[in-house]
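Next comes start11.cif, a file with mmCIF, C-alpha atoms.
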data_structure
loop_
_atom_site.label_atom_id
_atom_site.label_comp_id
_atom_site.auth_asym_id
_atom_site.auth_seq_id
_atom_site.Cartn_x
_atom_site.Cartn_y
_atom_site.Cartn_z
CA MET H 1 109.20 -15.71 -21.92
CA SER H 2 107.89 -16.48 -18.40
CA LYS H 3 105.24 -14.46 -16.55
CA VAL H 4 105.66 -12.71 -13.22
CA THR H 5 103.04 -13.63 -10.61
CA TRP H 6 101.67 -10.90 -8.37
CA LYS H 7 99.27 -11.11 -5.46
CA SER H 8 95.53 -10.64 -5.96
CA GLY H 9 94.53 -7.16 -7.11
CA THR H 10 92.69 -5.07 -9.68
CA PHE H 11 94.53 -5.54 -12.94
CA LEU H 12 91.91 -5.99 -15.63
CA TYR H 13 92.79 -3.27 -18.11
CA PRO H 14 91.97 -1.23 -20.12
CA LEU H 15 88.70 0.07 -18.72
CA PRO H 16 86.44 2.92 -19.82
CA ALA H 17 87.15 6.16 -17.98
CA VAL H 18 83.70 7.71 -17.63
CA MET H 19 82.27 10.77 -15.95
CA VAL H 20 79.15 9.87 -14.02
CA SER H 21 76.75 12.75 -13.48
CA CYS H 22 74.28 12.46 -10.63
CA GLY H 23 71.89 14.41 -8.39
CA THR H 24 69.41 16.84 -9.91
CA MET H 25 69.62 19.75 -12.35
CA GLU H 26 69.81 22.08 -9.34
CA LYS H 27 72.06 19.99 -7.09
CA SER H 28 74.35 17.92 -9.26
CA ASN H 29 77.81 16.45 -9.27
CA ILE H 30 80.25 14.54 -11.46
CA ILE H 31 82.33 11.59 -10.33
CA THR H 32 84.94 9.91 -12.49
CA VAL H 33 84.64 6.13 -12.51
CA ALA H 34 86.68 3.35 -14.08
CA TRP H 35 84.97 0.48 -12.26
CA THR H 36 82.10 0.25 -14.72
CA GLY H 37 80.80 -2.02 -17.44
CA ILE H 38 77.98 -4.01 -19.03
CA LEU H 39 76.15 -6.68 -17.04
CA ASN H 40 73.32 -7.83 -19.28
CA THR H 41 71.85 -7.41 -22.75
CA ASN H 42 68.10 -7.87 -22.30
CA PRO H 43 67.20 -5.86 -20.35
CA ALA H 44 70.25 -3.66 -20.87
CA MET H 45 72.03 -3.52 -17.50
CA VAL H 46 75.22 -1.74 -16.45
CA TYR H 47 77.03 -1.04 -13.21
CA ILE H 48 79.29 1.46 -11.50
CA SER H 49 81.21 0.77 -8.29
CA VAL H 50 81.65 3.71 -5.90
CA ARG H 51 83.28 4.08 -2.49
CA PRO H 52 80.66 4.98 0.17
CA THR H 53 82.96 7.80 1.30
CA ARG H 54 82.60 9.62 -2.01
CA TYR H 55 80.27 12.64 -2.13
CA SER H 56 78.40 11.25 -5.14
CA TYR H 57 77.59 8.00 -3.37
CA ASN H 58 74.71 9.42 -1.34
CA LEU H 59 73.42 11.47 -4.28
CA ILE H 60 73.10 8.32 -6.36
CA LYS H 61 71.68 6.31 -3.47
CA GLU H 62 69.04 8.95 -2.70
CA THR H 63 67.87 9.56 -6.27
CA GLY H 64 68.43 6.07 -7.64
CA GLU H 65 69.65 7.58 -10.90
CA PHE H 66 72.87 8.45 -12.71
CA VAL H 67 74.25 9.09 -16.19
CA ILE H 68 77.33 7.43 -17.62
CA ASN H 69 79.05 9.97 -19.88
CA LEU H 70 81.78 8.66 -22.18
CA THR H 71 84.98 10.68 -22.28
CA THR H 72 87.30 11.84 -25.04
CA GLU H 73 90.83 13.17 -25.45
CA LYS H 74 89.43 16.71 -25.18
CA LEU H 75 87.73 15.77 -21.91
CA ALA H 76 90.80 14.04 -20.42
CA TYR H 77 91.70 16.95 -18.13
CA ALA H 78 88.14 17.35 -16.86
CA THR H 79 87.85 13.58 -16.45
CA ASP H 80 90.87 13.45 -14.17
CA TRP H 81 89.98 16.65 -12.30
CA CYS H 82 86.47 15.42 -11.52
CA GLY H 83 88.02 12.25 -10.13
CA VAL H 84 90.37 13.92 -7.66
CA LYS H 85 88.19 16.83 -6.48
CA THR H 86 85.15 16.46 -4.23
CA GLY H 87 81.74 17.82 -5.16
CA ALA H 88 81.21 18.71 -1.51
CA LYS H 89 83.56 21.68 -1.98
CA VAL H 90 83.42 22.61 -5.67
CA ASP H 91 80.90 22.87 -8.49
CA LYS H 92 82.50 20.59 -11.04
CA PHE H 93 80.24 21.62 -13.90
CA LYS H 94 81.16 25.25 -13.32
CA GLU H 95 84.88 24.76 -12.70
CA MET H 96 85.38 22.53 -15.76
CA HIS H 97 83.09 24.63 -17.97
CA LEU H 98 80.84 21.68 -18.63
CA THR H 99 77.22 22.08 -19.66
CA LYS H 100 74.26 20.45 -17.95
CA GLU H 101 71.88 18.87 -20.42
CA LYS H 102 68.42 17.66 -19.51
CA ALA H 103 68.00 13.89 -19.75
CA LYS H 104 64.98 12.24 -21.39
CA PHE H 105 64.05 9.63 -18.78
CA ILE H 106 65.64 10.68 -15.48
CA ASN H 107 66.09 13.88 -13.49
CA CYS H 108 69.88 14.12 -13.17
CA PRO H 109 71.76 16.02 -15.89
CA MET H 110 73.79 14.69 -18.75
CA ILE H 111 77.11 16.26 -19.78
CA LYS H 112 76.56 17.96 -23.10
CA GLU H 113 80.23 17.83 -24.08
CA SER H 114 80.24 14.03 -23.85
CA PRO H 115 79.68 12.22 -27.18
CA VAL H 116 77.49 9.60 -25.53
CA SER H 117 75.38 9.82 -22.36
CA VAL H 118 73.71 6.71 -20.95
CA GLU H 119 70.71 7.25 -18.67
CA CYS H 120 70.59 4.70 -15.84
CA LYS H 121 68.05 3.71 -13.17
CA VAL H 122 69.40 1.92 -10.09
CA LYS H 123 67.85 -1.50 -9.49
CA GLU H 124 70.11 -2.90 -6.78
CA ILE H 125 73.06 -1.93 -4.58
CA LYS H 126 75.59 -4.60 -3.66
CA GLU H 127 77.95 -3.87 -0.77
CA LEU H 128 81.14 -5.61 -1.88
CA GLY H 129 83.79 -4.14 0.42
CA SER H 130 85.76 -1.01 -0.43
CA HIS H 131 83.16 -0.25 -3.12
CA HIS H 132 79.41 -0.62 -3.43
CA MET H 133 78.10 -1.66 -6.81
CA PHE H 134 75.13 0.20 -8.27
CA ILE H 135 73.41 -2.18 -10.67
CA ALA H 136 71.24 -0.21 -13.05
CA GLU H 137 68.97 -0.59 -16.05
CA VAL H 138 69.70 1.52 -19.12
CA LEU H 139 66.68 3.67 -19.89
CA GLY H 140 68.12 5.64 -22.79
CA ILE H 141 71.27 6.30 -24.80
CA ASN H 142 71.97 9.77 -26.16
CA ALA H 143 74.65 10.04 -28.88
CA GLU H 144 75.80 13.08 -30.82
CA GLU H 145 74.66 13.00 -34.43
CA GLN H 146 78.12 13.84 -35.75
CA HIS H 147 79.38 10.50 -34.42
CA ILE H 148 76.70 8.42 -36.15
CA ASP H 149 77.76 6.78 -39.41
CA LYS H 150 75.68 6.38 -42.59
CA ASN H 151 74.30 3.05 -41.31
CA GLY H 152 72.98 4.65 -38.11
CA ALA H 153 75.65 3.08 -35.89
CA PHE H 154 77.92 4.88 -33.43
CA ASP H 155 81.36 5.34 -34.98
CA ILE H 156 83.91 5.20 -32.17
CA SER H 157 86.70 6.38 -34.46
CA LYS H 158 85.11 9.81 -34.84
CA CYS H 159 85.28 11.00 -31.23
CA ASN H 160 88.65 9.82 -29.82
CA LEU H 161 87.41 8.05 -26.70
CA ILE H 162 89.86 7.41 -23.86
CA ALA H 163 90.43 4.44 -21.57
CA TYR H 164 92.03 3.96 -18.15
CA ALA H 165 94.79 1.46 -17.36
CA ASN H 166 96.91 1.13 -14.24
CA GLY H 167 96.68 4.78 -13.21
CA ASN H 168 96.97 6.27 -16.70
CA TYR H 169 94.65 7.51 -19.44
CA TYR H 170 95.05 6.32 -23.02
CA SER H 171 93.45 7.27 -26.30
CA LEU H 172 92.00 4.30 -28.11
CA GLY H 173 94.05 3.04 -31.04
CA LYS H 174 93.09 2.15 -34.56
CA LYS H 175 90.46 -0.46 -35.38
CA VAL H 176 91.96 -3.92 -35.89
CA GLY H 177 88.77 -5.82 -36.62
CA LYS H 178 85.05 -6.00 -35.99
CA PHE H 179 82.72 -8.43 -34.25
CA GLY H 180 82.66 -11.67 -36.22
CA PHE H 181 85.50 -10.72 -38.59
CA SER H 182 87.34 -13.97 -37.87
CA VAL H 183 84.37 -15.97 -39.12
CA GLN H 184 83.73 -13.64 -42.03
CA LYS H 185 87.30 -14.10 -43.21
CA LYS H 186 86.85 -17.85 -43.30
CA GLN H 187 83.57 -17.42 -45.13
CA LYS H 188 85.25 -15.20 -47.70
CA ASP H 189 88.07 -17.74 -48.11
CA ASN H 190 85.51 -20.50 -48.60
CA GLN H 191 83.61 -18.37 -51.09
CA THR H 192 86.85 -17.69 -52.96
CA ASN H 193 87.73 -21.38 -52.98
CA ASN H 194 84.25 -22.31 -54.13
CA LYS H 195 84.51 -19.79 -56.99
CA LYS H 196 87.86 -21.26 -57.99
CA ILE H 197 86.38 -24.77 -57.95
CA ASP H 198 83.38 -23.61 -59.99
CA ASN H 199 85.68 -21.95 -62.51
CA ILE H 200 87.74 -25.14 -62.84
CA LYS H 201 84.58 -27.23 -63.28
CA SER H 202 83.30 -24.77 -65.84
CA LYS H 203 86.58 -24.88 -67.79
CA ASN H 204 86.62 -28.70 -67.67
CA LYS H 205 83.06 -28.84 -68.91
CA LYS H 206 83.85 -26.49 -71.80
CA THR H 207 86.90 -28.57 -72.67
CA LYS H 208 84.86 -31.80 -72.71
CA ASN H 209 82.17 -30.22 -74.87
CA HIS H 210 84.82 -28.93 -77.25
CA LYS H 211 86.33 -32.44 -77.56
CA LYS H 212 82.89 -33.97 -78.28
CA ILE H 213 82.31 -31.45 -81.05
CA ASN H 214 85.69 -32.21 -82.60
CA LYS H 215 84.94 -35.97 -82.53
CA LYS H 216 81.64 -35.45 -84.33
CA ARG H 217 83.45 -33.49 -87.01
#

Structure re-expressed in structure tokens:
Amino acid sequence: MSKVTWKSGTFLYPLPAVMVSCGTMEKSNIITVAWTGILNTNPAMVYISVRPTRYSYNLIKETGEFVINLTTEKLAYATDWCGVKTGAKVDKFKEMHLTKEKAKFINCPMIKESPVSVECKVKEIKELGSHHMFIAEVLGINAEEQHIDKNGAFDISKCNLIAYANGNYYSLGKKVGKFGFSVQKKQKDNQTNNKKIDNIKSKNKKTKNHKKINKKR
């Protein structure tokens, strides 16, 4: 089947739909962002892209801090509402019954209802066009204990995270694999084949030994 070609645009989906909290504990706001992601591993770097016309833009620029709060199915309504309303006119924490939680490394609040809150310190601002990119270093990650598995890793299947794609919100589906599973499968197949070969060799060896014993008799 052939593909349809469209003009240049933003069509790299799905993306995380996150609520970014900013400002201070006293003067705070929440902005919903989908233009976000990881930039680097060491040091851990992330970004959010925000229109300069948005109320949160100046809050982030002035403080140089923000928190990326992951969102869930239960937070879908609040996630959308915080994206279409302006913090210049409403208190989003109050209106959406969200709880401010003190961060460990920065002064702006985390959202307590979020399963994971990532504390970020702005390192650079790139003016790209319609949006300005805030490049930030991750100072701390706060995850709810109930979503941590027995190995100490964050279990995404326990909190029903949501994603954004082409104007819609979607709950994440079932797990279909894990990092490196394609290689692990081959390794398992090789191990299985090696075991089969060893078993055949072992059987052949036993057969030969049995024949030698019979000859001696």

Mind checking which residues fall within 12 Å of Arg51 in chain H, counting only C-alpha atoms, ignoring those fewer than 5 positions away in the same chain, and posting them as a list of chain:residue names?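 Here the qualifying residues turn out to be H:Ile31, H:Thr32, H:Val33, H:Trp35, H:Ser56, H:Tyr57, H:Asn58, H:Ile60, H:Lys61, H:Lys126, H:Glu127, H:Leu128, H:Gly129, H:Ser130, H:His131, H:His132, H:Met133, H:Phe134.
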
Among the residues H:Asn69, H:Thr63, H:Ser8, H:Thr79, the one that comes closest to Thr36 in chain H [using all atoms listed in the file]: H:Asn69

Residue contacts of Asp149 in chain H (10 Å, only C-alpha atoms) excluding same-chain residues fewer than 6 positions away, as number ranges by chain: H: 155-156, 158

Give as a PyMOL selection string every residue, naming chains and numbers as the document does, that has an atom within 12 Å of (92.7, 0.5, -19.8), counting only C-alpha atoms. chain H and resi 10-18+34-36+161-173

Keeping only C-alpha atoms, write the selected residues to a file as a short mmCIF file (atom, residue, chain, number, x, y, z; two decimals), in the coordinates of the input.
data_model
loop_
_atom_site.label_atom_id
_atom_site.label_comp_id
_atom_site.auth_asym_id
_atom_site.auth_seq_id
_atom_site.Cartn_x
_atom_site.Cartn_y
_atom_site.Cartn_z
CA THR H 10 92.69 -5.07 -9.68
CA PHE H 11 94.53 -5.54 -12.94
CA LEU H 12 91.91 -5.99 -15.63
CA TYR H 13 92.79 -3.27 -18.11
CA PRO H 14 91.97 -1.23 -20.12
CA LEU H 15 88.70 0.07 -18.72
CA PRO H 16 86.44 2.92 -19.82
CA ALA H 17 87.15 6.16 -17.98
CA VAL H 18 83.70 7.71 -17.63
CA ALA H 34 86.68 3.35 -14.08
CA TRP H 35 84.97 0.48 -12.26
CA THR H 36 82.10 0.25 -14.72
CA LEU H 161 87.41 8.05 -26.70
CA ILE H 162 89.86 7.41 -23.86
CA ALA H 163 90.43 4.44 -21.57
CA TYR H 164 92.03 3.96 -18.15
CA ALA H 165 94.79 1.46 -17.36
CA ASN H 166 96.91 1.13 -14.24
CA GLY H 167 96.68 4.78 -13.21
CA ASN H 168 96.97 6.27 -16.70
CA TYR H 169 94.65 7.51 -19.44
CA TYR H 170 95.05 6.32 -23.02
CA SER H 171 93.45 7.27 -26.30
CA LEU H 172 92.00 4.30 -28.11
CA GLY H 173 94.05 3.04 -31.04
#

Determine the residue membership of the PyMOL selection byres ((chain H and resi 106-110) around 6) for the file above and supply it as a PyMOL selection string. chain H and resi 22-25+100-103+105+111
